[in-house]
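Below is input-v3.txt, which holds compact mmCIF, C-alpha atoms and all ligand atoms.
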```txt
# COMPACT_ATOMS: atom_id res chain seq x y z
CA MET X 1 -34.71 -53.45 49.82
CA SER X 2 -37.76 -53.33 52.10
CA ALA X 3 -37.90 -54.43 55.73
CA ARG X 4 -38.43 -58.07 54.74
CA VAL X 5 -35.41 -59.95 56.04
CA LEU X 6 -33.97 -62.68 53.86
CA ILE X 7 -32.50 -65.24 56.20
CA GLN X 8 -30.75 -67.30 53.57
CA PRO X 9 -29.03 -66.64 50.24
CA VAL X 10 -31.19 -66.30 47.12
CA THR X 11 -29.54 -68.21 44.28
CA SER X 12 -30.23 -69.04 40.65
CA ASN X 13 -28.22 -71.71 38.84
CA HIS X 14 -25.46 -71.33 41.48
CA PHE X 15 -25.23 -67.54 41.14
CA THR X 16 -26.04 -65.73 44.39
CA LEU X 17 -28.28 -62.70 44.05
CA THR X 18 -28.02 -61.73 47.72
CA ASP X 19 -24.25 -61.16 47.32
CA SER X 20 -25.21 -57.85 45.64
CA PRO X 21 -27.97 -56.44 47.89
CA ASP X 22 -27.98 -53.11 46.02
CA ARG X 23 -29.03 -55.07 42.93
CA LEU X 24 -32.18 -56.38 44.64
CA GLY X 25 -35.60 -54.84 45.17
CA TRP X 26 -39.22 -55.87 45.59
CA LEU X 27 -42.04 -56.21 43.12
CA VAL X 28 -44.80 -53.60 43.49
CA PRO X 29 -48.26 -55.10 44.18
CA THR X 30 -51.34 -53.94 42.30
CA ASP X 31 -55.03 -54.02 43.18
CA PRO X 32 -56.73 -55.63 40.14
CA ALA X 33 -59.93 -53.65 40.77
CA GLN X 34 -58.33 -50.34 39.73
CA PRO X 35 -59.68 -48.51 36.67
CA ARG X 36 -58.34 -49.61 33.29
CA GLU X 37 -56.31 -46.45 32.67
CA ARG X 38 -54.37 -46.88 35.93
CA LEU X 39 -53.72 -50.56 35.21
CA LEU X 40 -52.59 -49.86 31.65
CA ASP X 41 -50.39 -47.02 32.76
CA GLN X 42 -48.77 -49.17 35.43
CA TYR X 43 -48.35 -52.12 33.04
CA GLN X 44 -46.66 -49.92 30.45
CA THR X 45 -44.43 -48.20 32.99
CA GLN X 46 -43.36 -51.29 34.93
CA GLY X 47 -43.67 -54.03 32.28
CA TYR X 48 -45.65 -56.13 34.77
CA LEU X 49 -48.63 -56.13 37.11
CA TRP X 50 -48.51 -58.20 40.26
CA LEU X 51 -52.22 -58.62 40.80
CA LYS X 52 -52.95 -59.42 44.42
CA GLY X 53 -55.77 -61.82 45.20
CA ILE X 54 -57.33 -61.83 41.74
CA LEU X 55 -58.10 -65.56 41.92
CA ASP X 56 -60.19 -67.54 44.39
CA PRO X 57 -57.51 -69.07 46.67
CA GLN X 58 -59.60 -72.18 47.39
CA ARG X 59 -59.92 -72.91 43.68
CA VAL X 60 -56.17 -72.53 43.28
CA LEU X 61 -55.49 -74.88 46.20
CA ASP X 62 -58.01 -77.43 44.89
CA PHE X 63 -56.07 -77.47 41.64
CA ARG X 64 -52.77 -77.84 43.53
CA ARG X 65 -54.17 -80.94 45.24
CA ARG X 66 -55.47 -82.39 41.97
CA TYR X 67 -52.11 -81.78 40.27
CA PHE X 68 -50.05 -83.56 42.93
CA GLU X 69 -52.59 -86.39 43.27
CA ALA X 70 -51.65 -87.29 39.69
CA PHE X 71 -48.13 -88.05 40.96
CA ALA X 72 -49.16 -89.96 44.10
CA HIS X 73 -48.29 -93.38 42.64
CA VAL X 74 -44.86 -92.59 41.14
CA GLY X 75 -42.85 -91.86 44.29
CA LEU X 76 -42.47 -88.12 43.70
CA LEU X 77 -44.24 -87.25 46.96
CA GLU X 78 -42.91 -87.94 50.44
CA ALA X 79 -44.73 -91.04 51.76
CA GLY X 80 -47.51 -90.29 54.22
CA THR X 81 -47.84 -86.59 53.29
CA ASP X 82 -50.93 -84.87 51.96
CA PRO X 83 -50.68 -84.49 48.15
CA ALA X 84 -51.97 -80.92 48.45
CA ASP X 85 -48.75 -80.03 50.27
CA GLY X 86 -46.65 -81.28 47.35
CA ILE X 87 -43.76 -82.45 49.52
CA TYR X 88 -40.93 -83.80 47.36
CA SER X 89 -39.58 -87.25 48.28
CA GLY X 90 -36.19 -86.54 46.73
CA GLY X 91 -36.80 -88.82 43.72
CA GLY X 92 -39.52 -90.36 41.56
CA LYS X 93 -39.14 -87.97 38.62
CA GLY X 94 -38.94 -90.75 36.00
CA SER X 95 -42.47 -90.39 34.69
CA VAL X 96 -43.02 -86.69 35.32
CA GLN X 97 -42.86 -85.65 31.65
CA LYS X 98 -45.35 -88.32 30.62
CA ILE X 99 -47.83 -87.32 33.33
CA LEU X 100 -47.32 -83.62 32.54
CA ALA X 101 -48.15 -84.26 28.89
CA GLU X 102 -51.54 -85.55 30.10
CA ILE X 103 -52.11 -82.79 32.65
CA VAL X 104 -51.79 -80.06 30.02
CA GLN X 105 -54.71 -81.73 28.26
CA TRP X 106 -56.98 -81.94 31.32
CA ALA X 107 -60.27 -80.12 30.97
CA SER X 108 -59.80 -79.06 34.61
CA TYR X 109 -56.44 -77.42 33.78
CA GLU X 110 -57.96 -75.62 30.81
CA ALA X 111 -60.84 -74.49 33.06
CA PHE X 112 -58.33 -73.27 35.66
CA CYS X 113 -56.55 -71.19 33.02
CA LEU X 114 -59.87 -69.90 31.74
CA ALA X 115 -61.12 -68.70 35.13
CA PRO X 116 -63.51 -65.78 34.44
CA GLU X 117 -61.39 -63.55 36.70
CA ILE X 118 -58.48 -64.03 34.27
CA TRP X 119 -60.12 -63.57 30.89
CA GLN X 120 -62.33 -60.78 32.15
CA PHE X 121 -59.25 -59.00 33.51
CA TYR X 122 -57.58 -59.27 30.10
CA GLU X 123 -60.69 -58.03 28.30
CA LYS X 124 -60.62 -54.98 30.56
CA LEU X 125 -56.87 -54.43 30.16
CA LEU X 126 -56.64 -55.07 26.42
CA GLY X 127 -60.05 -53.68 25.47
CA GLY X 128 -61.59 -56.51 23.40
CA PRO X 129 -62.27 -60.24 23.17
CA VAL X 130 -59.22 -62.25 24.16
CA TYR X 131 -57.63 -65.56 23.20
CA LEU X 132 -55.83 -68.02 25.49
CA HIS X 133 -52.91 -69.76 23.84
CA LYS X 134 -53.36 -73.52 23.72
CA ARG X 135 -49.71 -74.12 24.60
CA LYS X 136 -49.63 -73.73 28.37
CA LEU X 137 -46.83 -74.57 30.77
CA ILE X 138 -47.09 -75.91 34.28
CA ARG X 139 -43.99 -76.37 36.39
CA ALA X 140 -43.26 -78.00 39.75
CA THR X 141 -39.77 -77.23 40.96
CA THR X 142 -37.60 -78.85 43.61
CA PRO X 143 -34.23 -77.92 45.16
CA ASP X 144 -32.37 -80.15 42.69
CA ASP X 145 -33.89 -78.50 39.58
CA SER X 146 -32.06 -75.93 37.52
CA CYS X 147 -33.63 -72.47 37.37
CA THR X 148 -35.10 -70.59 34.42
CA GLY X 149 -32.41 -68.28 32.99
CA ALA X 150 -32.92 -64.61 32.14
CA HIS X 151 -35.07 -64.15 29.05
CA TYR X 152 -38.02 -62.26 27.63
CA ASP X 153 -40.97 -64.21 26.24
CA LEU X 154 -41.16 -62.76 22.74
CA THR X 155 -38.03 -64.78 21.95
CA TYR X 156 -40.33 -67.82 21.82
CA LEU X 157 -43.38 -66.10 20.31
CA ARG X 158 -41.92 -64.15 17.42
CA ALA X 159 -44.45 -65.32 14.86
CA GLY X 160 -47.33 -63.55 16.59
CA THR X 161 -48.25 -60.18 18.02
CA ASP X 162 -45.96 -58.41 20.46
CA ARG X 163 -49.07 -57.41 22.39
CA VAL X 164 -49.20 -60.89 23.93
CA CYS X 165 -49.29 -60.97 27.75
CA THR X 166 -48.01 -63.74 30.02
CA SER X 167 -49.84 -64.75 33.19
CA TRP X 168 -47.56 -66.36 35.74
CA ILE X 169 -49.74 -67.94 38.41
CA PRO X 170 -48.40 -69.37 41.68
CA ILE X 171 -50.40 -72.49 42.57
CA GLY X 172 -49.95 -72.28 46.32
CA ASP X 173 -47.84 -69.73 48.22
CA ILE X 174 -44.36 -69.12 46.80
CA PRO X 175 -42.25 -67.09 49.23
CA VAL X 176 -38.82 -65.97 48.02
CA GLU X 177 -37.27 -69.07 49.62
CA MET X 178 -39.32 -71.25 47.26
CA GLY X 179 -37.90 -69.69 44.11
CA GLY X 180 -40.58 -67.73 42.31
CA LEU X 181 -40.05 -65.47 39.32
CA VAL X 182 -37.75 -62.47 39.60
CA TYR X 183 -38.07 -59.52 37.24
CA LEU X 184 -35.33 -57.17 36.05
CA GLU X 185 -36.53 -53.70 36.95
CA GLY X 186 -37.29 -51.45 33.99
CA SER X 187 -36.32 -54.16 31.49
CA ASP X 188 -39.32 -53.87 29.16
CA ALA X 189 -37.46 -51.10 27.30
CA LEU X 190 -34.30 -53.15 27.21
CA GLY X 191 -36.12 -56.21 25.87
CA ARG X 192 -37.51 -54.05 23.06
CA GLN X 193 -34.02 -52.85 22.22
CA LEU X 194 -32.57 -56.38 22.28
CA GLU X 195 -35.39 -57.72 20.11
CA ALA X 196 -34.83 -54.93 17.56
CA GLU X 197 -31.15 -55.94 17.43
CA PHE X 198 -32.00 -59.65 17.05
CA SER X 199 -34.56 -58.86 14.33
CA ALA X 200 -31.94 -56.96 12.36
CA LYS X 201 -29.46 -59.83 12.70
CA ASN X 202 -32.14 -62.45 11.93
CA SER X 203 -33.51 -60.64 8.87
CA HIS X 204 -31.23 -62.57 6.48
CA LEU X 205 -32.30 -65.98 7.78
CA PRO X 206 -34.95 -68.21 6.17
CA PRO X 207 -38.45 -67.52 7.65
CA GLU X 208 -38.55 -70.57 9.94
CA GLU X 209 -35.15 -69.81 11.44
CA ARG X 210 -35.87 -66.10 11.71
CA ILE X 211 -38.59 -66.71 14.31
CA SER X 212 -36.69 -69.44 16.16
CA ALA X 213 -35.46 -68.82 19.69
CA TYR X 214 -32.53 -71.12 18.95
CA ASN X 215 -31.19 -69.83 15.64
CA LYS X 216 -27.52 -69.06 15.15
CA ASN X 217 -27.85 -65.55 16.58
CA MET X 218 -29.34 -66.80 19.84
CA SER X 219 -28.04 -68.88 22.74
CA GLU X 220 -28.81 -72.60 22.94
CA THR X 221 -31.79 -72.02 25.25
CA GLY X 222 -32.93 -68.63 23.98
CA TRP X 223 -31.87 -67.26 27.37
CA LEU X 224 -29.79 -64.10 27.67
CA THR X 225 -27.75 -65.55 30.52
CA LYS X 226 -27.87 -67.68 33.67
CA ASP X 227 -25.70 -65.17 35.52
CA LEU X 228 -28.41 -62.94 36.96
CA PRO X 229 -26.16 -60.78 39.19
CA ALA X 230 -23.84 -59.99 36.25
CA LEU X 231 -26.80 -59.01 34.06
CA ALA X 232 -28.16 -56.64 36.71
CA ASN X 233 -24.70 -55.11 37.09
CA ARG X 234 -24.17 -54.74 33.36
CA LEU X 235 -27.54 -53.07 32.90
CA ASN X 236 -27.37 -51.07 36.12
CA SER X 237 -30.65 -52.56 37.29
CA ARG X 238 -32.11 -54.65 40.11
CA TRP X 239 -33.81 -58.03 40.34
CA LEU X 240 -37.24 -57.62 41.89
CA LEU X 241 -38.29 -60.39 44.28
CA ALA X 242 -41.70 -61.19 45.76
CA ASP X 243 -43.47 -63.38 48.28
CA TYR X 244 -46.24 -64.65 46.02
CA GLU X 245 -49.47 -65.77 47.67
CA THR X 246 -52.19 -68.17 46.59
CA GLY X 247 -54.69 -66.17 44.52
CA ASP X 248 -52.06 -63.84 43.00
CA MET X 249 -51.28 -63.60 39.29
CA VAL X 250 -48.46 -61.67 37.64
CA VAL X 251 -49.03 -60.30 34.14
CA HIS X 252 -45.82 -59.49 32.29
CA SER X 253 -45.05 -58.01 28.92
CA PRO X 254 -43.31 -60.09 26.23
CA TYR X 255 -40.25 -57.84 26.52
CA MET X 256 -39.90 -57.94 30.31
CA ILE X 257 -36.76 -59.82 31.36
CA HIS X 258 -37.33 -62.42 34.06
CA ALA X 259 -35.87 -65.62 35.50
CA SER X 260 -36.43 -67.91 38.45
CA THR X 261 -34.52 -68.64 41.65
CA THR X 262 -33.83 -71.84 43.54
CA ASN X 263 -36.55 -73.51 45.54
CA THR X 264 -34.79 -74.26 48.81
CA ARG X 265 -37.75 -76.15 50.31
CA MET X 266 -38.92 -79.73 49.88
CA ARG X 267 -42.39 -78.25 49.36
CA MET X 268 -42.65 -78.06 45.59
CA ARG X 269 -43.07 -74.70 43.90
CA LEU X 270 -46.02 -75.16 41.54
CA SER X 271 -46.90 -72.51 38.96
CA THR X 272 -48.37 -72.19 35.53
CA ASP X 273 -47.46 -69.73 32.80
CA ILE X 274 -50.04 -69.06 30.12
CA ARG X 275 -50.45 -66.42 27.44
CA TYR X 276 -53.39 -64.20 26.52
CA GLN X 277 -53.79 -61.70 23.69
CA LEU X 278 -56.51 -59.95 21.69
CA VAL X 279 -58.08 -62.50 19.38
CA ARG X 280 -57.82 -60.06 16.46
CA ASP X 281 -54.02 -59.82 16.74
CA ALA X 282 -51.69 -62.27 14.95
CA ILE X 283 -51.43 -65.59 16.83
CA ASP X 284 -48.14 -67.51 16.73
CA PRO X 285 -49.19 -70.80 15.03
CA ARG X 286 -46.54 -72.74 16.98
CA TRP X 287 -48.50 -72.07 20.18
CA THR X 288 -51.85 -73.41 18.95
CA THR X 289 -51.26 -76.97 20.20
CA ASN X 290 -50.76 -78.31 23.70
CA TRP X 291 -47.28 -78.35 25.22
CA SER X 292 -45.47 -81.64 24.72
CA PRO X 293 -42.03 -82.66 26.03
CA ASP X 294 -40.58 -82.68 22.51
CA ASP X 295 -42.24 -79.60 20.97
CA LYS X 296 -38.85 -77.82 20.92
CA LEU X 297 -40.29 -74.41 21.68
O1 LIG C 1 -41.80 -70.46 36.11
C1 LIG C 1 -40.69 -70.36 35.59
O2 LIG C 1 -39.67 -70.84 36.08
C2 LIG C 1 -40.53 -69.66 34.28
C3 LIG C 1 -41.78 -68.96 33.84
C4 LIG C 1 -41.55 -68.05 32.70
O3 LIG C 1 -40.49 -67.92 32.16
C5 LIG C 1 -42.69 -67.25 32.25
O4 LIG C 1 -43.73 -67.19 32.94
O5 LIG C 1 -42.58 -66.62 31.18
```

Just dump the structure as C-alpha cells.
Amino acid sequence: MSARVLIQPVTSNHFTLTDSPDRLGWLVPTDPAQPRERLLDQYQTQGYLWLKGILDPQRVLDFRRRYFEAFAHVGLLEAGTDPADGIYSGGGKGSVQKILAEIVQWASYEAFCLAPEIWQFYEKLLGGPVYLHKRKLIRATTPDDSCTGAHYDLTYLRAGTDRVCTSWIPIGDIPVEMGGLVYLEGSDALGRQLEAEFSAKNSHLPPEERISAYNKNMSETGWLTKDLPALANRLNSRWLLADYETGDMVVHSPYMIHASTTNTRMRMRLSTDIRYQLVRDAIDPRWTTNWSPDDKL
C-alpha cells in the first residue's frame, strides 16, 4: 500500500478488507491527454483507466446539486443543509426509486452523460463513432446501504459486444471512507476465463436464459461473491482502492471484477455508471431503454 494512511476499517457487506493489508493496493491514475496507443495499452494491461480530471468539476458539482435538490422535499436530506452537500438525514428513502425513475429520464442527466469530454475520449480510445447505452444507472449511497458485490459487467450485457466499456463517474469527491469502487487487480483475464466457463455451461439453455445474469448457473444477483477478502485470497490478488475526485472518470472493461465498499459518512456517495461502445458493434437490446426499478437487469 502507498503512504496514504487509512484511519478506519474499509468494509463491504460486513467483510473487512483492511484485515488483510497485503490484499490491498491503490488504483493507478492516468492522464487522459496521453496518445491513444498508450491509453489502449494501459487499458488492455490493467483492465481500467482512472482518468484524472477529464470532466469539468464545476459541471459535475452543478449536477450533484440538481440531483439532490430533487430529494429536498422527501426528508432524505438533513434539514438546513445545502442540497449540493447531499447530507443524509438518516431516513426519507420511501420515494427514492420513484424519483430516480424520473431522474434517469432528465435531459440534463442525458446531457451530463453525453459530455463531449466523454464521447470524444471514447472515439479516441475505440477509434470510431460511439454509442451511449440508454440504460444508465445513478446511485446515491449511505452508511445503511448494502454494497455492490464482486462482479464483472458482461454478466449483465451478454447479448451485445464484449467491447463495451463502463464509465464510473464520481459526482463529487469520493475518498475511500465514502465507499467508491474497488477493482480486483489483474482480473480482466480472470473475468474472461469465468465468462468462457459460464458460456459453456449456459450453452444448453434457451436463448433468453443463456444471456441472463440470473439463470440457474449464476448466483441470485449475478455477483461472484460478497466476500471480497476471500475472493482476493483465493485468486492471489489485491483490491485496488482510490480517493476519487470530482472531475475523474474510471473506464473499466466488461471483464474487470469490481465491487463497492461502505460509505461511512453521512455525506452521500453519488455516482453514475454508464456504458459506451462502438456504434457498429452489437448492442444488447435489453439496454436500449431507460433504467426502471423493475427492469430486472
Ligand atoms: O457504483 C456501484 O456501487 C456499482 C457500479 C458498478 O458496478 C459499475 O460501474 O459497473

How big is the axis-aligned box around all listed atoms of ligand LIG 1 (chain C) once 4 Å goes on each side, and where's its centre, in Å to one decimal, as lines of an AutoDock Vina configuration file?
```
center_x = -41.7
center_y = -68.7
center_z = 33.6
size_x = 12.1
size_y = 12.2
size_z = 12.9
```

May I ask for the distance between CA of Phe15 (chain X) and CA of Ile87 (chain X), given in Å to one decimal place?
->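 We find that CA of Phe15 (chain X) and CA of Ile87 (chain X) lie 25.2 Å from each other.
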
Point-to-point distance in Å for CA of Gln105 (chain X) and CA of Lys134 (chain X) =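 The value is 9.5 Å.
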
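Using all atoms listed in the file, the contacts of region 292-296 of chain X at a cut-off of 12 Å, with sequence neighbours closer than 3 positions omitted, comprise Ser95, Val96, Gln97, Lys98, Ile99, Leu100, Ala101, Glu102, Ile103, Val104, Gln105, Lys134, Arg135, Lys136, Leu137, Ile138, Tyr156, Ser212, Ala213, Tyr214, Glu220, Thr221, Gly222, Arg286, Trp287, Thr288 and Thr289 of chain X.
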
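The interatomic distance for the pair CA of Phe63 (chain X) and atom O3 of ligand LIG 1 (chain C) works out to 20.6 Å.
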
Please give me, as a list in words, the residues lying within 6 Å of ligand LIG 1 (chain C) when counting all atoms listed in the file.
->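 Listing the residues within 6 Å of ligand LIG 1 (chain C) gives Thr148, Asp153, Trp168, Ser260 and Asp273 of chain X.
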
Give the answer as one residue: which of X:Glu37, X:Asp173, X:Asp284, X:Asp19 has the shortest atom-to-atom distance to Thr155 (chain X), using all atoms listed in the file?
->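 Comparing X:Glu37, X:Asp173, X:Asp284, X:Asp19 against Thr155 (chain X), the winner is X:Asp284.
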
For each of X:Tyr131, X:Tyr183, X:Trp26, X:Tyr152, take the minimum atom-to-atom distance to Gln277 (chain X), counting all atoms listed in the file, then give the residue where this is smallest.
-> X:Tyr131

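Counting only C-alpha atoms, the residue from X:Leu278, X:Cys165, X:Leu157, X:Leu270 that sits nearest to Gln44 (chain X) is X:Cys165.
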
Using all atoms listed in the file: which of X:Asp56, X:Asp227, X:Glu123, X:Asp41 has the shortest distance to Cys147 (chain X) = X:Asp227

Please, which residues are within 9 Å of (-45.1, -77.9, 49.5) by the file's coordinates, counting all atoms listed in the file, and could they come as a PyMOL selection string?
-> chain X and resi 83-88+172-173+265-270
